[in-house]
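File shown: work_4.csv (CSV, C-alpha atoms and all ligand atoms).
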chain,number,residue,atom,x,y,z
A,18,MET,CA,3.3,24.7,-13.4
A,19,ARG,CA,0.6,23.3,-11.1
A,20,SER,CA,1.6,23.7,-7.4
A,21,PRO,CA,2.1,20.4,-5.4
A,22,PHE,CA,-1.1,19.0,-3.9
A,23,VAL,CA,-1.2,19.3,-0.1
A,24,PRO,CA,-3.8,16.9,1.4
A,25,ARG,CA,-5.5,18.0,4.6
A,26,THR,CA,-7.7,15.0,5.4
A,27,ILE,CA,-6.1,11.6,4.9
A,28,LEU,CA,-7.4,8.1,5.4
A,29,ILE,CA,-4.8,5.3,5.9
A,30,THR,CA,-5.4,1.6,6.4
A,31,GLY,CA,-2.5,-0.4,7.8
A,32,ALA,CA,-1.5,2.6,9.8
A,33,THR,CA,-0.1,0.2,12.5
A,34,GLY,CA,2.4,-1.2,10.0
A,35,GLY,CA,5.9,-0.1,9.0
A,36,ILE,CA,5.1,2.0,6.0
A,37,GLY,CA,1.5,3.0,7.0
A,38,GLY,CA,2.8,4.2,10.4
A,39,ALA,CA,5.6,6.2,8.8
A,40,LEU,CA,3.1,7.8,6.3
A,41,ALA,CA,0.8,8.8,9.2
A,42,GLU,CA,3.6,10.4,10.9
A,43,ILE,CA,5.0,12.3,7.9
A,44,TYR,CA,1.5,13.8,7.1
A,45,ALA,CA,0.8,14.7,10.8
A,46,GLU,CA,0.9,18.4,11.3
A,47,PRO,CA,-1.4,21.2,12.5
A,48,GLY,CA,-4.4,21.5,10.2
A,49,THR,CA,-4.3,17.9,9.1
A,50,THR,CA,-6.9,15.3,10.0
A,51,LEU,CA,-5.8,11.6,9.9
A,52,LEU,CA,-8.3,8.7,9.8
A,53,LEU,CA,-6.3,5.7,10.8
A,54,GLN,CA,-7.0,2.0,10.7
A,55,GLY,CA,-5.1,-1.0,12.0
A,56,ARG,CA,-6.0,-4.2,13.9
A,57,ASN,CA,-3.5,-3.9,16.8
A,58,ARG,CA,-5.2,-1.5,19.1
A,59,GLN,CA,-2.2,-0.8,21.2
A,60,ARG,CA,0.0,0.1,18.2
A,61,LEU,CA,-2.9,2.1,16.7
A,62,ALA,CA,-3.1,4.2,19.9
A,63,GLU,CA,0.7,4.7,19.9
A,64,VAL,CA,0.7,5.9,16.2
A,65,ALA,CA,-2.3,8.2,16.9
A,66,ASN,CA,-0.6,9.6,20.0
A,67,GLY,CA,2.6,10.3,18.0
A,68,CYS,CA,0.6,12.0,15.2
A,69,GLU,CA,-1.4,14.1,17.8
A,70,GLN,CA,1.9,15.3,19.3
A,71,ARG,CA,2.9,16.6,15.9
A,72,GLY,CA,-0.3,18.7,15.9
A,73,ALA,CA,-2.7,16.5,13.8
A,74,ARG,CA,-6.3,15.7,14.6
A,75,VAL,CA,-6.5,11.9,14.7
A,76,LEU,CA,-9.5,9.5,14.5
A,77,THR,CA,-8.8,5.8,14.7
A,78,HIS,CA,-10.8,2.7,14.0
A,79,ALA,CA,-9.5,-0.8,14.8
A,80,LEU,CA,-11.0,-3.3,12.4
A,81,ASP,CA,-10.1,-6.4,10.3
A,82,VAL,CA,-10.3,-5.3,6.6
A,83,ARG,CA,-11.6,-8.7,5.7
A,84,ASP,CA,-14.8,-7.5,7.3
A,85,GLN,CA,-15.9,-5.6,4.2
A,86,GLU,CA,-19.2,-4.4,5.6
A,87,THR,CA,-17.5,-2.7,8.5
A,88,LEU,CA,-14.6,-1.4,6.4
A,89,VAL,CA,-16.9,0.1,3.7
A,90,GLY,CA,-19.2,1.5,6.5
A,91,TRP,CA,-16.2,3.3,8.1
A,92,VAL,CA,-15.0,4.8,4.8
A,93,ARG,CA,-18.5,5.9,3.8
A,94,GLU,CA,-19.2,7.4,7.1
A,95,TRP,CA,-16.1,9.6,7.1
A,96,SER,CA,-16.5,10.4,3.4
A,97,ALA,CA,-19.9,11.9,4.3
A,98,ARG,CA,-18.6,13.7,7.3
A,99,GLU,CA,-15.3,15.1,6.0
A,100,GLU,CA,-13.9,16.0,2.6
A,101,ILE,CA,-11.2,13.3,2.4
A,102,ASP,CA,-8.4,14.5,0.1
A,103,LEU,CA,-6.2,11.4,0.1
A,104,VAL,CA,-7.0,7.7,0.6
A,105,ILE,CA,-4.1,5.2,1.1
A,106,PRO,CA,-5.2,1.6,1.5
A,107,ALA,CA,-1.8,0.3,2.9
A,108,ALA,CA,-3.0,-2.8,4.8
A,109,GLY,CA,-1.4,-5.8,3.4
A,110,VAL,CA,0.0,-9.3,4.1
A,111,ASN,CA,2.5,-11.6,2.4
A,112,SER,CA,2.7,-15.4,2.2
A,113,ASN,CA,5.3,-17.7,0.7
A,114,ILE,CA,5.8,-21.3,-0.5
A,115,GLY,CA,7.8,-22.2,2.6
A,116,PRO,CA,11.5,-23.3,2.9
A,117,GLU,CA,10.8,-26.8,1.3
A,118,GLY,CA,8.6,-25.3,-1.4
A,119,ARG,CA,5.5,-26.9,0.2
A,120,GLY,CA,3.3,-24.2,-1.3
A,121,GLU,CA,0.7,-21.7,0.2
A,122,SER,CA,-2.4,-23.1,1.8
A,123,TRP,CA,-5.8,-22.1,0.3
A,124,GLU,CA,-6.6,-20.3,3.5
A,125,GLU,CA,-3.4,-18.2,3.1
A,126,ILE,CA,-4.1,-17.5,-0.6
A,127,SER,CA,-7.7,-16.4,-0.1
A,128,ALA,CA,-7.0,-14.3,3.0
A,129,LEU,CA,-4.2,-12.5,1.1
A,130,ILE,CA,-6.4,-11.7,-1.9
A,131,GLU,CA,-9.1,-10.5,0.5
A,132,ILE,CA,-6.7,-8.1,2.3
A,133,ASN,CA,-4.3,-7.0,-0.5
A,134,VAL,CA,-6.8,-6.8,-3.4
A,135,LEU,CA,-10.5,-6.8,-2.3
A,136,ALA,CA,-10.1,-4.6,0.8
A,137,ALA,CA,-8.0,-2.1,-1.1
A,138,MET,CA,-10.7,-1.9,-3.9
A,139,ALA,CA,-13.5,-1.7,-1.3
A,140,VAL,CA,-11.8,1.4,0.3
A,141,VAL,CA,-11.5,3.0,-3.1
A,142,ASP,CA,-15.1,2.1,-4.0
A,143,ALA,CA,-16.4,3.6,-0.8
A,144,ALA,CA,-14.4,6.8,-1.0
A,145,LEU,CA,-15.0,7.5,-4.7
A,146,PRO,CA,-18.6,8.8,-4.8
A,147,SER,CA,-17.8,11.7,-2.6
A,148,MET,CA,-14.6,12.5,-4.5
A,149,ARG,CA,-16.3,12.3,-7.8
A,150,LYS,CA,-19.1,14.6,-6.6
A,151,ARG,CA,-16.5,17.1,-5.5
A,152,ARG,CA,-14.3,16.5,-8.6
A,153,GLN,CA,-11.3,16.4,-6.3
A,154,GLY,CA,-9.3,13.8,-4.4
A,155,GLN,CA,-6.3,11.4,-4.5
A,156,ILE,CA,-5.9,7.7,-4.2
A,157,ALA,CA,-2.6,5.9,-3.5
A,158,LEU,CA,-2.6,2.2,-4.1
A,159,PHE,CA,0.1,-0.2,-2.8
A,160,SER,CA,1.5,-2.5,-5.4
A,161,SER,CA,5.1,-3.7,-5.2
A,162,LEU,CA,8.1,-4.2,-7.5
A,163,ALA,CA,7.0,-7.9,-7.2
A,164,ALA,CA,4.3,-6.9,-9.7
A,165,TYR,CA,6.6,-6.6,-12.7
A,166,HIS,CA,7.4,-10.3,-12.7
A,167,GLY,CA,5.9,-13.0,-10.5
A,168,LEU,CA,8.4,-14.2,-7.8
A,169,PRO,CA,8.3,-18.0,-7.5
A,170,LEU,CA,8.8,-17.7,-3.7
A,171,THR,CA,5.6,-15.6,-3.3
A,172,PRO,CA,3.0,-16.5,-6.0
A,173,SER,CA,-0.2,-15.1,-4.6
A,174,TYR,CA,1.5,-11.9,-3.2
A,175,SER,CA,3.0,-11.2,-6.7
A,176,ALA,CA,-0.4,-11.8,-8.2
A,177,SER,CA,-2.1,-9.5,-5.7
A,178,LYS,CA,0.3,-6.7,-6.4
A,179,ALA,CA,0.1,-7.1,-10.2
A,180,ALA,CA,-3.7,-6.8,-9.8
A,181,ILE,CA,-3.4,-3.6,-7.8
A,182,LYS,CA,-0.9,-2.2,-10.3
A,183,ALA,CA,-3.3,-2.7,-13.2
A,184,TYR,CA,-6.3,-1.5,-11.2
A,185,GLY,CA,-4.5,1.7,-10.2
A,186,GLU,CA,-3.3,2.4,-13.8
A,187,ALA,CA,-6.8,1.9,-15.1
A,188,LEU,CA,-8.4,4.1,-12.4
A,189,ARG,CA,-5.9,6.9,-13.2
A,190,GLY,CA,-7.0,7.0,-16.8
A,191,TRP,CA,-10.6,6.8,-16.0
A,192,LEU,CA,-10.7,9.4,-13.2
A,193,ALA,CA,-8.2,12.0,-14.4
A,194,PRO,CA,-10.8,14.0,-16.4
A,195,GLU,CA,-12.9,14.2,-13.2
A,196,GLY,CA,-10.0,15.8,-11.3
A,197,ILE,CA,-9.2,12.7,-9.2
A,198,ARG,CA,-5.5,11.7,-9.0
A,199,VAL,CA,-4.5,8.0,-8.8
A,200,SER,CA,-0.9,6.8,-8.1
A,201,VAL,CA,0.5,3.3,-7.9
A,202,ILE,CA,3.2,2.8,-5.3
A,203,MET,CA,5.8,0.1,-6.0
A,204,PRO,CA,8.2,-0.3,-3.2
A,205,GLY,CA,11.2,-2.6,-3.2
A,206,TYR,CA,12.3,-3.8,0.3
A,207,VAL,CA,11.2,-1.6,3.2
A,208,GLU,CA,12.0,-2.6,6.8
A,209,SER,CA,8.7,-3.9,8.3
A,210,LYS,CA,7.2,-7.0,9.9
A,211,MET,CA,6.0,-8.2,6.4
A,212,CYS,CA,9.4,-7.6,4.9
A,213,ARG,CA,11.2,-9.5,7.7
A,214,GLU,CA,9.0,-12.5,7.2
A,215,MET,CA,9.6,-12.5,3.4
A,216,PRO,CA,12.0,-15.2,2.2
A,217,GLY,CA,14.9,-14.4,-0.3
A,218,PRO,CA,17.6,-11.7,-0.4
A,219,LYS,CA,16.6,-8.1,0.4
A,220,PRO,CA,18.9,-5.8,-1.4
A,221,PHE,CA,18.7,-2.0,-1.1
A,222,LEU,CA,16.5,-2.3,2.1
A,223,TRP,CA,15.0,1.2,3.0
A,224,PRO,CA,13.8,2.3,6.4
A,225,PRO,CA,10.0,3.1,6.3
A,226,GLU,CA,10.6,6.8,7.0
A,227,ARG,CA,12.6,7.1,3.7
A,228,ALA,CA,9.9,5.2,1.9
A,229,ALA,CA,7.3,7.6,3.3
A,230,ARG,CA,9.2,10.6,2.2
A,231,ALA,CA,9.5,9.2,-1.4
A,232,ILE,CA,5.8,8.4,-1.4
A,233,ARG,CA,4.7,11.8,-0.2
A,234,ARG,CA,7.0,13.5,-2.7
A,235,GLY,CA,5.6,11.4,-5.6
A,236,LEU,CA,2.0,12.0,-4.5
A,237,ALA,CA,2.5,15.7,-4.2
A,238,ARG,CA,3.6,15.6,-7.9
A,239,ASN,CA,0.8,13.3,-8.9
A,240,ARG,CA,3.3,10.7,-10.3
A,241,PRO,CA,1.5,7.8,-11.9
A,242,ARG,CA,4.0,5.3,-10.6
A,243,ILE,CA,6.0,5.8,-7.4
A,244,SER,CA,8.6,3.1,-7.5
A,245,PHE,CA,11.9,2.8,-5.6
A,246,PRO,CA,14.8,2.2,-5.0
A,247,PHE,CA,16.1,3.0,-8.5
A,248,PRO,CA,18.4,0.0,-9.0
A,249,LEU,CA,15.8,-2.6,-8.0
A,250,ASN,CA,13.1,-0.8,-9.9
A,251,LEU,CA,15.3,-1.0,-13.1
A,252,GLY,CA,16.1,-4.6,-12.4
A,253,THR,CA,12.6,-5.8,-11.7
A,254,TRP,CA,11.2,-3.8,-14.6
A,255,SER,CA,13.8,-5.5,-16.9
A,256,LEU,CA,12.5,-8.9,-15.8
A,257,SER,CA,9.1,-8.0,-17.3
A,258,VAL,CA,10.5,-7.1,-20.8
A,259,LEU,CA,13.3,-9.7,-21.1
A,260,PRO,CA,12.4,-13.1,-22.7
A,261,SER,CA,10.8,-15.3,-19.9
A,262,ALA,CA,13.5,-17.9,-20.0
A,263,VAL,CA,16.1,-15.2,-19.3
A,264,SER,CA,14.0,-13.6,-16.5
A,265,GLU,CA,13.4,-17.1,-14.9
A,266,ARG,CA,17.1,-17.9,-15.0
A,267,ILE,CA,18.0,-14.5,-13.4
A,268,LEU,CA,15.5,-15.1,-10.6
A,269,GLN,CA,17.0,-18.6,-9.9
A,270,LEU,CA,20.5,-17.2,-9.9
A,271,LEU,CA,19.6,-14.4,-7.5
A,272,GLY,CA,17.9,-16.7,-5.0
A,273,TYR,CA,14.2,-16.0,-5.7
A,274,GLY,CA,13.6,-19.1,-7.7
A,275,GLY,CA,11.7,-21.2,-5.2
B,1,LIG,N1,7.7,-3.7,3.3
B,1,LIG,C1,8.0,-4.0,2.1
B,1,LIG,O1,9.1,-4.4,1.7
B,1,LIG,C2,7.0,-3.8,1.0
B,1,LIG,C3,7.3,-3.9,-0.3
B,1,LIG,C4,6.4,-3.7,-1.3
B,1,LIG,C5,5.1,-3.4,-1.0
B,1,LIG,N2,4.7,-3.3,0.3
B,1,LIG,C6,3.3,-3.0,0.6
B,1,LIG,O2,3.3,-1.9,1.5
B,1,LIG,C7,2.1,-2.0,2.3
B,1,LIG,C8,2.5,-1.8,3.8
B,1,LIG,O3,3.3,-2.9,4.2
B,1,LIG,P1,4.3,-2.8,5.4
B,1,LIG,O4,5.6,-3.1,4.9
B,1,LIG,O5,4.1,-1.6,6.2
B,1,LIG,O6,3.8,-4.1,6.2
B,1,LIG,P2,3.6,-4.3,7.8
B,1,LIG,O7,4.5,-3.5,8.6
B,1,LIG,O8,3.6,-5.8,8.0
B,1,LIG,O9,2.1,-3.8,8.0
B,1,LIG,C9,1.0,-4.4,7.5
B,1,LIG,C10,-0.3,-3.6,7.9
B,1,LIG,O10,-1.4,-4.2,7.4
B,1,LIG,C11,-2.4,-4.4,8.4
B,1,LIG,N3,-3.2,-5.6,8.2
B,1,LIG,C12,-2.8,-6.8,7.8
B,1,LIG,N4,-3.8,-7.6,7.7
B,1,LIG,C13,-4.9,-6.9,8.1
B,1,LIG,C14,-6.3,-7.3,8.3
B,1,LIG,N5,-6.8,-8.5,8.0
B,1,LIG,N6,-7.1,-6.3,8.7
B,1,LIG,C15,-6.6,-5.1,9.0
B,1,LIG,N7,-5.3,-4.7,8.8
B,1,LIG,C16,-4.5,-5.6,8.4
B,1,LIG,C17,-1.5,-4.5,9.7
B,1,LIG,O11,-2.3,-4.3,10.8
B,1,LIG,P3,-2.0,-4.9,12.3
B,1,LIG,O12,-0.6,-5.1,12.4
B,1,LIG,O13,-2.6,-3.9,13.2
B,1,LIG,O14,-2.7,-6.2,12.2
B,1,LIG,C18,-0.5,-3.5,9.4
B,1,LIG,O15,-0.9,-2.2,9.8
B,1,LIG,C19,1.5,-3.4,2.0
B,1,LIG,O16,0.4,-3.2,1.1
B,1,LIG,C20,2.6,-4.1,1.4
B,1,LIG,O17,2.2,-5.1,0.5
B,1,LIG,C21,5.6,-3.5,1.3
Rewrite the structure from the file as structure tokens, please.
Amino acid sequence: MRSPFVPRTILITGATGGIGGALAEIYAEPGTTLLLQGRNRQRLAEVANGCEQRGARVLTHALDVRDQETLVGWVREWSAREEIDLVIPAAGVNSNIGPEGRGESWEEISALIEINVLAAMAVVDAALPSMRKRRQGQIALFSSLAAYHGLPLTPSYSASKAAIKAYGEALRGWLAPEGIRVSVIMPGYVESKMCREMPGPKPFLWPPERAARAIRRGLARNRPRISFPFPLNLGTWSLSVLPSAVSERILQLLGYGG
């Protein structure tokens, strides 16, 4: 059996967030280099400090991932300087239709797609040439259980996560023969700013540290899909295979109907 993959140089966007911060911390140990991005400089410094105290070497860059030129420049620069083993574009936002069902503004929709989809793809695109040249590397993309069936309360978020799910699955098939591992992460509800701001019930809420442990375990085993928690994964997966009328009714009854 192949031994689990232990990454030594890891790039994480959204490291100032709930899950991104927990991931930075869980990978922080002597011999590990962490390249961390966030916008909130104070929080970024706090996360970096915590990781350094655990023995990791940490390099941070505060930037808005909608600034693609700067984002791509940062990833390319470090891909040239270091052998990045694992890339995790975790930066993300959510938006919703509002309590009265007003709908999302175009500004919200386009910003969300820029952050959740285009920025994640830009990070992958910038990191890939060096990984392909070395025939080694790992990419972990953040989808969501909301990708299985669109949630009426969060249309563009659901769409963004479905896009990332399909992108990651496709990349995995393309890049596996070149020795590059790609996994799609599909969390349920994980305690974070984004999660708190999300409307609707939040069953089986996990703390970010638990999510980070599950993600690290799944990545070490090169799982194609790292989805959790089990009951919500099964439920949301079922929505994608049941007849639409049944899935829509279930979503209404459970309070996700809009
Ligand atoms: N939490 C959940 O229940 C859940 C469920 C499914 C999937 N996910 C996915 O998990 C990932 C992490 O989410 P989270 O729960 O940790 O959310 P979070 O705590 O709200 O963190 C979001 C992160 O994204 C960064 N970010 C947002 N917009 C940005 C921008 N324009 N430029 C740069 N950075 C930006 C934030 O940086 P600053 O704070 O520094 O601005 C922060 O680090 C996301 O992709 C999310 O969609 C989360």
Residues within 9 Å of Ala65 in chain A, all atoms listed in the file, excluding chain neighbours under 5 positions, as a PyMOL selection string: chain A and resi 41-42+51+53+60+70+73-77
Test item: residues lying within 7 Å of ligand LIG 1 (chain B) with only C-alpha atoms and all ligand atoms, as a ChimeraX atom specification: /A:30-37,55-58,60-61,80-83,107-111,132-133,159-162,203-212
Counting only C-alpha atoms, the residue of A:Ala139, A:Ala45, A:Arg98, A:Glu117 that sits nearest Gln85 in chain A: A:Ala139
Selected residue of minimal separation from Gly72 in chain A among A:Gln54, A:Asn250, A:Thr49, A:Thr87, counting all atoms listed in the file: A:Thr49
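Going from CA of Pro225 in chain A over to CA of Gly185 in chain A, you cover 22.0 Å.
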Separation of CA of Ser122 in chain A from CA of Pro172 in chain A, in Å and rounded to one decimal: 11.6 Å
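The nearest approach to Ala237 in chain A among the residues A:Ile156, A:Leu145, A:Leu251, A:Ala179, with only C-alpha atoms taken into account, belongs to A:Ile156.
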